[in-house]
$ cat upload_5.cif   # mmCIF, N, CA and C atoms
data_start
loop_
_atom_site.label_atom_id
_atom_site.label_comp_id
_atom_site.auth_asym_id
_atom_site.auth_seq_id
_atom_site.Cartn_x
_atom_site.Cartn_y
_atom_site.Cartn_z
N MET A 1 14.53 56.10 -66.96
CA MET A 1 14.58 57.09 -68.03
C MET A 1 13.51 56.79 -69.06
N ASN A 2 12.93 57.85 -69.57
CA ASN A 2 11.92 57.66 -70.60
C ASN A 2 12.58 57.62 -71.99
N TRP A 3 11.77 57.32 -72.98
CA TRP A 3 12.26 57.15 -74.35
C TRP A 3 12.92 58.42 -74.87
N ASP A 4 12.32 59.59 -74.61
CA ASP A 4 12.89 60.85 -75.08
C ASP A 4 14.27 61.12 -74.48
N GLN A 5 14.43 60.80 -73.20
CA GLN A 5 15.73 60.99 -72.56
C GLN A 5 16.77 60.06 -73.17
N ARG A 6 16.39 58.82 -73.42
CA ARG A 6 17.31 57.87 -74.07
C ARG A 6 17.72 58.39 -75.45
N GLN A 7 16.75 58.91 -76.18
CA GLN A 7 17.03 59.46 -77.51
C GLN A 7 17.97 60.67 -77.42
N GLN A 8 17.75 61.50 -76.41
CA GLN A 8 18.61 62.67 -76.23
C GLN A 8 20.06 62.24 -75.96
N LEU A 9 20.25 61.25 -75.10
CA LEU A 9 21.61 60.76 -74.83
C LEU A 9 22.23 60.14 -76.08
N THR A 10 21.44 59.37 -76.82
CA THR A 10 21.95 58.76 -78.05
C THR A 10 22.39 59.85 -79.04
N LYS A 11 21.57 60.89 -79.17
CA LYS A 11 21.92 62.00 -80.06
C LYS A 11 23.22 62.66 -79.62
N LEU A 12 23.37 62.89 -78.33
CA LEU A 12 24.60 63.51 -77.82
C LEU A 12 25.81 62.62 -78.04
N VAL A 13 25.65 61.31 -77.85
CA VAL A 13 26.77 60.38 -78.09
C VAL A 13 27.19 60.46 -79.55
N VAL A 14 26.24 60.48 -80.47
CA VAL A 14 26.55 60.60 -81.90
C VAL A 14 27.24 61.93 -82.18
N GLU A 15 26.76 63.01 -81.57
CA GLU A 15 27.38 64.32 -81.77
C GLU A 15 28.81 64.36 -81.23
N VAL A 16 29.05 63.70 -80.11
CA VAL A 16 30.42 63.63 -79.58
C VAL A 16 31.30 62.86 -80.56
N GLU A 17 30.81 61.73 -81.04
CA GLU A 17 31.59 60.94 -82.00
C GLU A 17 31.93 61.78 -83.24
N GLN A 18 30.95 62.52 -83.75
CA GLN A 18 31.19 63.37 -84.92
C GLN A 18 32.16 64.49 -84.60
N ALA A 19 32.03 65.11 -83.43
CA ALA A 19 32.94 66.18 -83.02
C ALA A 19 34.36 65.65 -82.88
N GLU A 20 34.47 64.41 -82.46
CA GLU A 20 35.79 63.76 -82.32
C GLU A 20 36.30 63.24 -83.66
N LYS A 21 35.55 63.50 -84.71
CA LYS A 21 35.90 63.07 -86.07
C LYS A 21 36.06 61.55 -86.14
N SER A 22 35.23 60.86 -85.38
CA SER A 22 35.14 59.39 -85.35
C SER A 22 36.43 58.70 -84.93
N ILE A 23 37.33 59.41 -84.22
CA ILE A 23 38.54 58.73 -83.73
C ILE A 23 38.23 57.86 -82.52
N ILE A 24 37.09 58.12 -81.88
CA ILE A 24 36.64 57.31 -80.75
C ILE A 24 35.22 56.86 -81.06
N SER A 25 34.94 55.62 -80.79
CA SER A 25 33.64 55.04 -81.16
C SER A 25 32.55 55.39 -80.15
N GLN A 26 31.31 55.25 -80.60
CA GLN A 26 30.17 55.45 -79.71
C GLN A 26 30.25 54.49 -78.52
N MET A 27 30.73 53.29 -78.75
CA MET A 27 30.85 52.32 -77.66
C MET A 27 31.79 52.85 -76.57
N HIS A 28 32.95 53.39 -76.98
CA HIS A 28 33.89 53.93 -76.00
C HIS A 28 33.30 55.14 -75.27
N ILE A 29 32.55 55.96 -76.01
CA ILE A 29 31.92 57.12 -75.39
C ILE A 29 30.91 56.68 -74.35
N ARG A 30 30.11 55.68 -74.67
CA ARG A 30 29.10 55.18 -73.73
C ARG A 30 29.77 54.53 -72.50
N VAL A 31 30.84 53.79 -72.72
CA VAL A 31 31.55 53.18 -71.61
C VAL A 31 32.09 54.27 -70.68
N ALA A 32 32.68 55.31 -71.26
CA ALA A 32 33.21 56.42 -70.46
C ALA A 32 32.09 57.12 -69.70
N LEU A 33 30.96 57.33 -70.38
CA LEU A 33 29.81 57.97 -69.74
C LEU A 33 29.32 57.13 -68.56
N ASN A 34 29.14 55.85 -68.78
CA ASN A 34 28.65 54.98 -67.71
C ASN A 34 29.62 54.96 -66.53
N LYS A 35 30.92 54.93 -66.84
CA LYS A 35 31.92 54.94 -65.77
C LYS A 35 31.86 56.25 -64.98
N GLU A 36 31.76 57.35 -65.70
CA GLU A 36 31.70 58.66 -65.04
C GLU A 36 30.44 58.79 -64.18
N MET A 37 29.32 58.25 -64.67
CA MET A 37 28.06 58.35 -63.94
C MET A 37 27.91 57.23 -62.91
N ASP A 38 28.86 56.29 -62.90
CA ASP A 38 28.85 55.15 -61.99
C ASP A 38 27.58 54.31 -62.13
N VAL A 39 27.26 53.99 -63.39
CA VAL A 39 26.12 53.13 -63.70
C VAL A 39 26.57 52.08 -64.71
N LYS A 40 25.79 51.01 -64.81
CA LYS A 40 26.09 49.97 -65.80
C LYS A 40 25.48 50.31 -67.16
N GLY A 41 24.48 51.16 -67.19
CA GLY A 41 23.83 51.54 -68.42
C GLY A 41 22.74 52.56 -68.17
N VAL A 42 22.09 52.99 -69.25
CA VAL A 42 21.08 54.03 -69.14
C VAL A 42 19.90 53.62 -68.26
N GLN A 43 19.61 52.33 -68.21
CA GLN A 43 18.48 51.88 -67.40
C GLN A 43 18.68 52.18 -65.91
N GLN A 44 19.90 52.43 -65.48
CA GLN A 44 20.18 52.75 -64.07
C GLN A 44 20.22 54.26 -63.80
N MET A 45 20.04 55.06 -64.83
CA MET A 45 20.14 56.50 -64.65
C MET A 45 18.86 57.09 -64.05
N THR A 46 19.04 57.80 -62.98
CA THR A 46 17.95 58.55 -62.35
C THR A 46 17.83 59.90 -63.08
N PRO A 47 16.80 60.67 -62.81
CA PRO A 47 16.71 62.00 -63.43
C PRO A 47 17.93 62.88 -63.13
N ASP A 48 18.45 62.81 -61.91
CA ASP A 48 19.64 63.59 -61.56
C ASP A 48 20.86 63.12 -62.35
N ILE A 49 21.04 61.83 -62.46
CA ILE A 49 22.18 61.28 -63.23
C ILE A 49 22.01 61.63 -64.70
N PHE A 50 20.79 61.59 -65.21
CA PHE A 50 20.54 61.96 -66.60
C PHE A 50 21.01 63.39 -66.86
N ARG A 51 20.66 64.33 -65.97
CA ARG A 51 21.09 65.73 -66.14
C ARG A 51 22.62 65.83 -66.14
N LYS A 52 23.26 65.10 -65.25
CA LYS A 52 24.73 65.11 -65.21
C LYS A 52 25.31 64.50 -66.49
N ALA A 53 24.67 63.47 -67.00
CA ALA A 53 25.13 62.82 -68.24
C ALA A 53 25.03 63.78 -69.42
N VAL A 54 23.95 64.53 -69.48
CA VAL A 54 23.78 65.51 -70.56
C VAL A 54 24.88 66.57 -70.47
N THR A 55 25.14 67.05 -69.28
CA THR A 55 26.20 68.05 -69.08
C THR A 55 27.56 67.49 -69.47
N TYR A 56 27.84 66.25 -69.06
CA TYR A 56 29.11 65.58 -69.37
C TYR A 56 29.30 65.48 -70.89
N LEU A 57 28.28 64.98 -71.58
CA LEU A 57 28.39 64.80 -73.03
C LEU A 57 28.43 66.14 -73.78
N ALA A 58 27.66 67.11 -73.33
CA ALA A 58 27.68 68.42 -73.98
C ALA A 58 29.04 69.09 -73.80
N GLY A 59 29.63 68.94 -72.62
CA GLY A 59 30.97 69.49 -72.39
C GLY A 59 32.01 68.81 -73.26
N TRP A 60 31.91 67.49 -73.37
CA TRP A 60 32.84 66.72 -74.21
C TRP A 60 32.72 67.19 -75.66
N ARG A 61 31.48 67.31 -76.14
CA ARG A 61 31.25 67.74 -77.53
C ARG A 61 31.84 69.13 -77.75
N SER A 62 31.57 70.04 -76.83
CA SER A 62 32.07 71.40 -76.93
C SER A 62 33.60 71.43 -76.99
N CYS A 63 34.22 70.62 -76.13
CA CYS A 63 35.67 70.54 -76.11
C CYS A 63 36.20 70.00 -77.43
N ALA A 64 35.60 68.93 -77.92
CA ALA A 64 36.06 68.31 -79.17
C ALA A 64 35.90 69.25 -80.36
N LEU A 65 34.91 70.13 -80.29
CA LEU A 65 34.70 71.10 -81.36
C LEU A 65 35.64 72.31 -81.23
N GLY A 66 36.37 72.38 -80.13
CA GLY A 66 37.29 73.49 -79.93
C GLY A 66 36.63 74.78 -79.50
N GLU A 67 35.43 74.68 -78.96
CA GLU A 67 34.72 75.88 -78.52
C GLU A 67 35.36 76.44 -77.25
N PRO A 68 35.35 77.77 -77.10
CA PRO A 68 35.92 78.37 -75.89
C PRO A 68 35.21 77.87 -74.63
N GLN A 69 35.99 77.67 -73.57
CA GLN A 69 35.43 77.19 -72.31
C GLN A 69 36.05 77.95 -71.15
N GLN A 70 35.33 77.99 -70.04
CA GLN A 70 35.85 78.57 -68.81
C GLN A 70 36.95 77.65 -68.26
N GLU A 71 37.78 78.18 -67.36
CA GLU A 71 38.87 77.38 -66.78
C GLU A 71 38.35 76.09 -66.14
N ALA A 72 37.28 76.18 -65.37
CA ALA A 72 36.75 74.98 -64.70
C ALA A 72 36.31 73.93 -65.71
N ALA A 73 35.73 74.37 -66.80
CA ALA A 73 35.30 73.42 -67.85
C ALA A 73 36.51 72.79 -68.53
N MET A 74 37.55 73.58 -68.74
CA MET A 74 38.77 73.02 -69.35
C MET A 74 39.39 71.98 -68.43
N ILE A 75 39.43 72.28 -67.15
CA ILE A 75 39.97 71.33 -66.17
C ILE A 75 39.15 70.05 -66.20
N ALA A 76 37.83 70.19 -66.24
CA ALA A 76 36.96 69.01 -66.28
C ALA A 76 37.24 68.16 -67.52
N GLN A 77 37.50 68.81 -68.65
CA GLN A 77 37.78 68.06 -69.87
C GLN A 77 39.13 67.35 -69.81
N VAL A 78 40.13 67.99 -69.24
CA VAL A 78 41.43 67.33 -69.08
C VAL A 78 41.27 66.12 -68.15
N ILE A 79 40.55 66.30 -67.07
CA ILE A 79 40.34 65.18 -66.14
C ILE A 79 39.55 64.06 -66.81
N ARG A 80 38.57 64.41 -67.64
CA ARG A 80 37.82 63.39 -68.39
C ARG A 80 38.79 62.54 -69.22
N MET A 81 39.71 63.21 -69.89
CA MET A 81 40.67 62.48 -70.71
C MET A 81 41.58 61.61 -69.86
N TRP A 82 41.99 62.12 -68.68
CA TRP A 82 42.84 61.34 -67.76
C TRP A 82 42.14 60.07 -67.32
N VAL A 83 40.85 60.19 -67.01
CA VAL A 83 40.10 59.03 -66.53
C VAL A 83 40.05 57.96 -67.61
N ILE A 84 39.87 58.37 -68.85
CA ILE A 84 39.76 57.42 -69.96
C ILE A 84 41.12 56.89 -70.37
N ILE A 85 42.13 57.76 -70.37
CA ILE A 85 43.51 57.37 -70.72
C ILE A 85 44.42 57.78 -69.56
N PRO A 86 44.59 56.92 -68.56
CA PRO A 86 45.35 57.29 -67.36
C PRO A 86 46.79 57.77 -67.61
N THR A 87 47.45 57.27 -68.63
CA THR A 87 48.83 57.68 -68.90
C THR A 87 48.92 59.15 -69.32
N LEU A 88 47.82 59.71 -69.75
CA LEU A 88 47.80 61.11 -70.16
C LEU A 88 48.04 62.04 -68.98
N LYS A 89 47.65 61.61 -67.80
CA LYS A 89 47.80 62.46 -66.61
C LYS A 89 49.27 62.83 -66.38
N THR A 90 50.14 61.85 -66.42
CA THR A 90 51.57 62.10 -66.19
C THR A 90 52.13 63.06 -67.23
N GLU A 91 51.78 62.83 -68.48
CA GLU A 91 52.27 63.69 -69.56
C GLU A 91 51.83 65.14 -69.36
N VAL A 92 50.57 65.33 -69.03
CA VAL A 92 50.04 66.68 -68.85
C VAL A 92 50.65 67.34 -67.61
N GLU A 93 50.74 66.60 -66.52
CA GLU A 93 51.32 67.18 -65.30
C GLU A 93 52.78 67.55 -65.50
N GLN A 94 53.55 66.70 -66.17
CA GLN A 94 54.96 67.01 -66.42
C GLN A 94 55.10 68.24 -67.32
N PHE A 95 54.28 68.32 -68.35
CA PHE A 95 54.30 69.49 -69.23
C PHE A 95 53.98 70.76 -68.45
N SER A 96 52.92 70.71 -67.66
CA SER A 96 52.49 71.88 -66.89
C SER A 96 53.56 72.31 -65.89
N LEU A 97 54.16 71.35 -65.23
CA LEU A 97 55.21 71.67 -64.27
C LEU A 97 56.43 72.28 -64.97
N ARG A 98 56.81 71.70 -66.08
CA ARG A 98 57.99 72.18 -66.84
C ARG A 98 57.74 73.58 -67.41
N GLN A 99 56.55 73.80 -67.96
CA GLN A 99 56.27 75.07 -68.64
C GLN A 99 55.81 76.18 -67.71
N PHE A 100 55.04 75.80 -66.67
CA PHE A 100 54.38 76.81 -65.85
C PHE A 100 54.71 76.74 -64.37
N GLY A 101 55.56 75.79 -63.99
CA GLY A 101 56.00 75.71 -62.60
C GLY A 101 55.02 75.09 -61.63
N THR A 102 53.93 74.52 -62.15
CA THR A 102 52.95 73.84 -61.30
C THR A 102 52.26 72.74 -62.09
N SER A 103 51.93 71.69 -61.39
CA SER A 103 51.15 70.63 -62.04
C SER A 103 49.70 70.65 -61.56
N THR A 104 49.37 71.65 -60.75
CA THR A 104 48.01 71.80 -60.25
C THR A 104 47.22 72.65 -61.24
N LEU A 105 46.27 72.02 -61.92
CA LEU A 105 45.56 72.70 -62.99
C LEU A 105 44.79 73.94 -62.51
N LYS A 106 44.24 73.90 -61.32
CA LYS A 106 43.46 75.05 -60.85
C LYS A 106 44.34 76.28 -60.60
N ASP A 107 45.66 76.09 -60.56
CA ASP A 107 46.57 77.22 -60.37
C ASP A 107 46.90 77.94 -61.68
N LEU A 108 46.46 77.38 -62.80
CA LEU A 108 46.78 77.96 -64.10
C LEU A 108 45.76 79.03 -64.49
N ASP A 109 46.24 80.08 -65.15
CA ASP A 109 45.32 81.09 -65.65
C ASP A 109 44.68 80.57 -66.95
N TYR A 110 43.79 81.35 -67.49
CA TYR A 110 43.01 80.94 -68.66
C TYR A 110 43.90 80.49 -69.82
N TRP A 111 44.87 81.30 -70.20
CA TRP A 111 45.69 80.98 -71.38
C TRP A 111 46.60 79.79 -71.14
N ARG A 112 47.13 79.65 -69.96
CA ARG A 112 47.95 78.47 -69.66
C ARG A 112 47.09 77.21 -69.65
N MET A 113 45.87 77.34 -69.14
CA MET A 113 44.98 76.19 -69.13
C MET A 113 44.59 75.79 -70.55
N ARG A 114 44.41 76.79 -71.40
CA ARG A 114 44.12 76.47 -72.82
C ARG A 114 45.29 75.73 -73.45
N CYS A 115 46.49 76.12 -73.10
CA CYS A 115 47.68 75.45 -73.61
C CYS A 115 47.72 73.99 -73.14
N VAL A 116 47.44 73.78 -71.87
CA VAL A 116 47.42 72.42 -71.30
C VAL A 116 46.31 71.59 -71.97
N LEU A 117 45.15 72.21 -72.15
CA LEU A 117 44.05 71.50 -72.80
C LEU A 117 44.42 71.13 -74.23
N ALA A 118 45.09 72.03 -74.94
CA ALA A 118 45.51 71.74 -76.31
C ALA A 118 46.47 70.54 -76.35
N LEU A 119 47.41 70.50 -75.42
CA LEU A 119 48.32 69.36 -75.34
C LEU A 119 47.55 68.08 -75.05
N ALA A 120 46.64 68.15 -74.09
CA ALA A 120 45.86 66.96 -73.74
C ALA A 120 45.03 66.49 -74.93
N MET A 121 44.41 67.41 -75.65
CA MET A 121 43.60 67.04 -76.80
C MET A 121 44.44 66.44 -77.91
N SER A 122 45.62 66.97 -78.11
CA SER A 122 46.52 66.43 -79.13
C SER A 122 46.95 65.00 -78.77
N SER A 123 47.32 64.79 -77.53
CA SER A 123 47.72 63.46 -77.08
C SER A 123 46.54 62.50 -77.11
N TRP A 124 45.36 63.00 -76.77
CA TRP A 124 44.12 62.22 -76.81
C TRP A 124 43.88 61.71 -78.23
N ALA A 125 43.95 62.61 -79.19
CA ALA A 125 43.71 62.24 -80.60
C ALA A 125 44.76 61.25 -81.08
N GLU A 126 46.00 61.49 -80.71
CA GLU A 126 47.09 60.58 -81.09
C GLU A 126 46.84 59.17 -80.53
N HIS A 127 46.40 59.10 -79.29
CA HIS A 127 46.11 57.81 -78.66
C HIS A 127 45.05 57.05 -79.45
N TRP A 128 43.93 57.72 -79.78
CA TRP A 128 42.83 57.03 -80.45
C TRP A 128 43.15 56.73 -81.90
N ARG A 129 43.92 57.58 -82.55
CA ARG A 129 44.33 57.27 -83.93
C ARG A 129 45.21 56.03 -83.93
N GLY A 130 46.07 55.90 -82.92
CA GLY A 130 46.92 54.72 -82.81
C GLY A 130 46.11 53.45 -82.58
N LYS A 131 44.99 53.56 -81.88
CA LYS A 131 44.11 52.41 -81.63
C LYS A 131 43.42 51.95 -82.89
N SER A 132 43.15 52.89 -83.80
CA SER A 132 42.41 52.52 -85.01
C SER A 132 43.32 52.11 -86.15
N SER A 133 44.62 52.24 -85.97
CA SER A 133 45.57 51.88 -87.04
C SER A 133 45.76 50.38 -87.13
#

$ encode --input "upload_5.cif" --output "structure tokens"
Amino acid sequence: MNWDQRQQLTKLVVEVEQAEKSIISQMHIRVALNKEMDVKGVQQMTPDIFRKAVTYLAGWRSCALGEPQQEAAMIAQVIRMWVIIPTLKTEVEQFSLRQFGTSTLKDLDYWRMRCVLALAMSSWAEHWRGKSS
């Protein structure tokens, strides 16, 4: 990766942290990014991985800002949260099954998926606020 690409990722990490209202640190964001991209750090990112990293961080930022998203993007954000906080998966699946009769996210329509995403985001924030207390 060149210097400009590194700067772009750093800027996105800072924007994600700000969108998350600093409940999650840049370090945690970078760890999650590296895990998702299956690299140890930016020095291992190829141009293809860099593009995926930008998409991952931009989606995270958009979600944290509460911007409208397509169903597939909402599912991706819920799964992102599950990967980082595995216990969230059970909570979300149980809620979805109880409220909507299915725990399969792709079976949910737009409004039900927004509801599931809202629950996931609320639990996500609660988890990180508890870590900083």

$ resolve_selection --input "upload_5.cif" --expression "the PyMOL selection byres ((chain A and resi 75-81) around 8)" --output "VMD selection string"
chain A and resid 59 to 60 63 69 to 74 82 to 89 105 to 106 113 to 114 116 to 117 120 to 121 124

$ write_last_selection --input "upload_5.cif" --atoms "N, CA and C atoms" --output "tab-separated table (two decimals), in the frame of the given file"
chain	number	residue	atom	x	y	z
A	59	GLY	N	29.63	68.94	-72.62
A	59	GLY	CA	30.97	69.49	-72.39
A	59	GLY	C	32.01	68.81	-73.26
A	60	TRP	N	31.91	67.49	-73.37
A	60	TRP	CA	32.84	66.72	-74.21
A	60	TRP	C	32.72	67.19	-75.66
A	63	CYS	N	34.22	70.62	-76.13
A	63	CYS	CA	35.67	70.54	-76.11
A	63	CYS	C	36.20	70.00	-77.43
A	69	GLN	N	35.99	77.67	-73.57
A	69	GLN	CA	35.43	77.19	-72.31
A	69	GLN	C	36.05	77.95	-71.15
A	70	GLN	N	35.33	77.99	-70.04
A	70	GLN	CA	35.85	78.57	-68.81
A	70	GLN	C	36.95	77.65	-68.26
A	71	GLU	N	37.78	78.18	-67.36
A	71	GLU	CA	38.87	77.38	-66.78
A	71	GLU	C	38.35	76.09	-66.14
A	72	ALA	N	37.28	76.18	-65.37
A	72	ALA	CA	36.75	74.98	-64.70
A	72	ALA	C	36.31	73.93	-65.71
A	73	ALA	N	35.73	74.37	-66.80
A	73	ALA	CA	35.30	73.42	-67.85
A	73	ALA	C	36.51	72.79	-68.53
A	74	MET	N	37.55	73.58	-68.74
A	74	MET	CA	38.77	73.02	-69.35
A	74	MET	C	39.39	71.98	-68.43
A	82	TRP	N	41.99	62.12	-68.68
A	82	TRP	CA	42.84	61.34	-67.76
A	82	TRP	C	42.14	60.07	-67.32
A	83	VAL	N	40.85	60.19	-67.01
A	83	VAL	CA	40.10	59.03	-66.53
A	83	VAL	C	40.05	57.96	-67.61
A	84	ILE	N	39.87	58.37	-68.85
A	84	ILE	CA	39.76	57.42	-69.96
A	84	ILE	C	41.12	56.89	-70.37
A	85	ILE	N	42.13	57.76	-70.37
A	85	ILE	CA	43.51	57.37	-70.72
A	85	ILE	C	44.42	57.78	-69.56
A	86	PRO	N	44.59	56.92	-68.56
A	86	PRO	CA	45.35	57.29	-67.36
A	86	PRO	C	46.79	57.77	-67.61
A	87	THR	N	47.45	57.27	-68.63
A	87	THR	CA	48.83	57.68	-68.90
A	87	THR	C	48.92	59.15	-69.32
A	88	LEU	N	47.82	59.71	-69.75
A	88	LEU	CA	47.80	61.11	-70.16
A	88	LEU	C	48.04	62.04	-68.98
A	89	LYS	N	47.65	61.61	-67.80
A	89	LYS	CA	47.80	62.46	-66.61
A	89	LYS	C	49.27	62.83	-66.38
A	105	LEU	N	46.27	72.02	-61.92
A	105	LEU	CA	45.56	72.70	-62.99
A	105	LEU	C	44.79	73.94	-62.51
A	106	LYS	N	44.24	73.90	-61.32
A	106	LYS	CA	43.46	75.05	-60.85
A	106	LYS	C	44.34	76.28	-60.60
A	113	MET	N	45.87	77.34	-69.14
A	113	MET	CA	44.98	76.19	-69.13
A	113	MET	C	44.59	75.79	-70.55
A	114	ARG	N	44.41	76.79	-71.40
A	114	ARG	CA	44.12	76.47	-72.82
A	114	ARG	C	45.29	75.73	-73.45
A	116	VAL	N	47.44	73.78	-71.87
A	116	VAL	CA	47.42	72.42	-71.30
A	116	VAL	C	46.31	71.59	-71.97
A	117	LEU	N	45.15	72.21	-72.15
A	117	LEU	CA	44.05	71.50	-72.80
A	117	LEU	C	44.42	71.13	-74.23
A	120	ALA	N	46.64	68.15	-74.09
A	120	ALA	CA	45.86	66.96	-73.74
A	120	ALA	C	45.03	66.49	-74.93
A	121	MET	N	44.41	67.41	-75.65
A	121	MET	CA	43.60	67.04	-76.80
A	121	MET	C	44.44	66.44	-77.91
A	124	TRP	N	45.36	63.00	-76.77
A	124	TRP	CA	44.12	62.22	-76.81
A	124	TRP	C	43.88	61.71	-78.23

$ residues_around --input "upload_5.cif" --residues "Phe50 (chain A)" --least-positions-apart "5" --cutoff "8 Å" --atoms "all atoms listed in the file" --output "MDAnalysis selection string"
chainID A and resid 1 5 44:45 55:56

$ axis_aligned_box --input "upload_5.cif" --around "region 64-79 of chain A" --padding-each-side "8 Å" --output "AutoDock Vina command-line options"
--center_x 38.1 --center_y 71.3 --center_z -73.0 --size_x 22.7 --size_y 30.5 --size_z 32.7

$ atom_distance --input "upload_5.cif" --atom1 "CA of Gln8 (chain A)" --atom2 "CA of Asp48 (chain A)"
14.7 Å

$ resolve_selection --input "upload_5.cif" --expression "the PyMOL selection byres (((chain A and resi 29 and name CA) around 12) and name CA)" --output "PyMOL selection string"
chain A and resi 9-10+12-20+22-28+30-36+53+56-57+60-61+80-81+84

$ write_last_selection --input "upload_5.cif" --atoms "N, CA and C atoms" --output "compact mmCIF listing (two decimals), in the frame of the given file"
# COMPACT_ATOMS: atom_id res chain seq x y z
N LEU A 9 20.25 61.25 -75.10
CA LEU A 9 21.61 60.76 -74.83
C LEU A 9 22.23 60.14 -76.08
N THR A 10 21.44 59.37 -76.82
CA THR A 10 21.95 58.76 -78.05
C THR A 10 22.39 59.85 -79.04
N LEU A 12 23.37 62.89 -78.33
CA LEU A 12 24.60 63.51 -77.82
C LEU A 12 25.81 62.62 -78.04
N VAL A 13 25.65 61.31 -77.85
CA VAL A 13 26.77 60.38 -78.09
C VAL A 13 27.19 60.46 -79.55
N VAL A 14 26.24 60.48 -80.47
CA VAL A 14 26.55 60.60 -81.90
C VAL A 14 27.24 61.93 -82.18
N GLU A 15 26.76 63.01 -81.57
CA GLU A 15 27.38 64.32 -81.77
C GLU A 15 28.81 64.36 -81.23
N VAL A 16 29.05 63.70 -80.11
CA VAL A 16 30.42 63.63 -79.58
C VAL A 16 31.30 62.86 -80.56
N GLU A 17 30.81 61.73 -81.04
CA GLU A 17 31.59 60.94 -82.00
C GLU A 17 31.93 61.78 -83.24
N GLN A 18 30.95 62.52 -83.75
CA GLN A 18 31.19 63.37 -84.92
C GLN A 18 32.16 64.49 -84.60
N ALA A 19 32.03 65.11 -83.43
CA ALA A 19 32.94 66.18 -83.02
C ALA A 19 34.36 65.65 -82.88
N GLU A 20 34.47 64.41 -82.46
CA GLU A 20 35.79 63.76 -82.32
C GLU A 20 36.30 63.24 -83.66
N SER A 22 35.23 60.86 -85.38
CA SER A 22 35.14 59.39 -85.35
C SER A 22 36.43 58.70 -84.93
N ILE A 23 37.33 59.41 -84.22
CA ILE A 23 38.54 58.73 -83.73
C ILE A 23 38.23 57.86 -82.52
N ILE A 24 37.09 58.12 -81.88
CA ILE A 24 36.64 57.31 -80.75
C ILE A 24 35.22 56.86 -81.06
N SER A 25 34.94 55.62 -80.79
CA SER A 25 33.64 55.04 -81.16
C SER A 25 32.55 55.39 -80.15
N GLN A 26 31.31 55.25 -80.60
CA GLN A 26 30.17 55.45 -79.71
C GLN A 26 30.25 54.49 -78.52
N MET A 27 30.73 53.29 -78.75
CA MET A 27 30.85 52.32 -77.66
C MET A 27 31.79 52.85 -76.57
N HIS A 28 32.95 53.39 -76.98
CA HIS A 28 33.89 53.93 -76.00
C HIS A 28 33.30 55.14 -75.27
N ARG A 30 30.11 55.68 -74.67
CA ARG A 30 29.10 55.18 -73.73
C ARG A 30 29.77 54.53 -72.50
N VAL A 31 30.84 53.79 -72.72
CA VAL A 31 31.55 53.18 -71.61
C VAL A 31 32.09 54.27 -70.68
N ALA A 32 32.68 55.31 -71.26
CA ALA A 32 33.21 56.42 -70.46
C ALA A 32 32.09 57.12 -69.70
N LEU A 33 30.96 57.33 -70.38
CA LEU A 33 29.81 57.97 -69.74
C LEU A 33 29.32 57.13 -68.56
N ASN A 34 29.14 55.85 -68.78
CA ASN A 34 28.65 54.98 -67.71
C ASN A 34 29.62 54.96 -66.53
N LYS A 35 30.92 54.93 -66.84
CA LYS A 35 31.92 54.94 -65.77
C LYS A 35 31.86 56.25 -64.98
N GLU A 36 31.76 57.35 -65.70
CA GLU A 36 31.70 58.66 -65.04
C GLU A 36 30.44 58.79 -64.18
N ALA A 53 24.67 63.47 -67.00
CA ALA A 53 25.13 62.82 -68.24
C ALA A 53 25.03 63.78 -69.42
N TYR A 56 27.84 66.25 -69.06
CA TYR A 56 29.11 65.58 -69.37
C TYR A 56 29.30 65.48 -70.89
N LEU A 57 28.28 64.98 -71.58
CA LEU A 57 28.39 64.80 -73.03
C LEU A 57 28.43 66.14 -73.78
N TRP A 60 31.91 67.49 -73.37
CA TRP A 60 32.84 66.72 -74.21
C TRP A 60 32.72 67.19 -75.66
N ARG A 61 31.48 67.31 -76.14
CA ARG A 61 31.25 67.74 -77.53
C ARG A 61 31.84 69.13 -77.75
N ARG A 80 38.57 64.41 -67.64
CA ARG A 80 37.82 63.39 -68.39
C ARG A 80 38.79 62.54 -69.22
N MET A 81 39.71 63.21 -69.89
CA MET A 81 40.67 62.48 -70.71
C MET A 81 41.58 61.61 -69.86
N ILE A 84 39.87 58.37 -68.85
CA ILE A 84 39.76 57.42 -69.96
C ILE A 84 41.12 56.89 -70.37

$ atom_distance --input "upload_5.cif" --atom1 "atom C of Ile49 (chain A)" --atom2 "CA of Met37 (chain A)"
6.9 Å

$ atom_distance --input "upload_5.cif" --atom1 "atom N of Asp109 (chain A)" --atom2 "atom N of Glu126 (chain A)"
24.2 Å
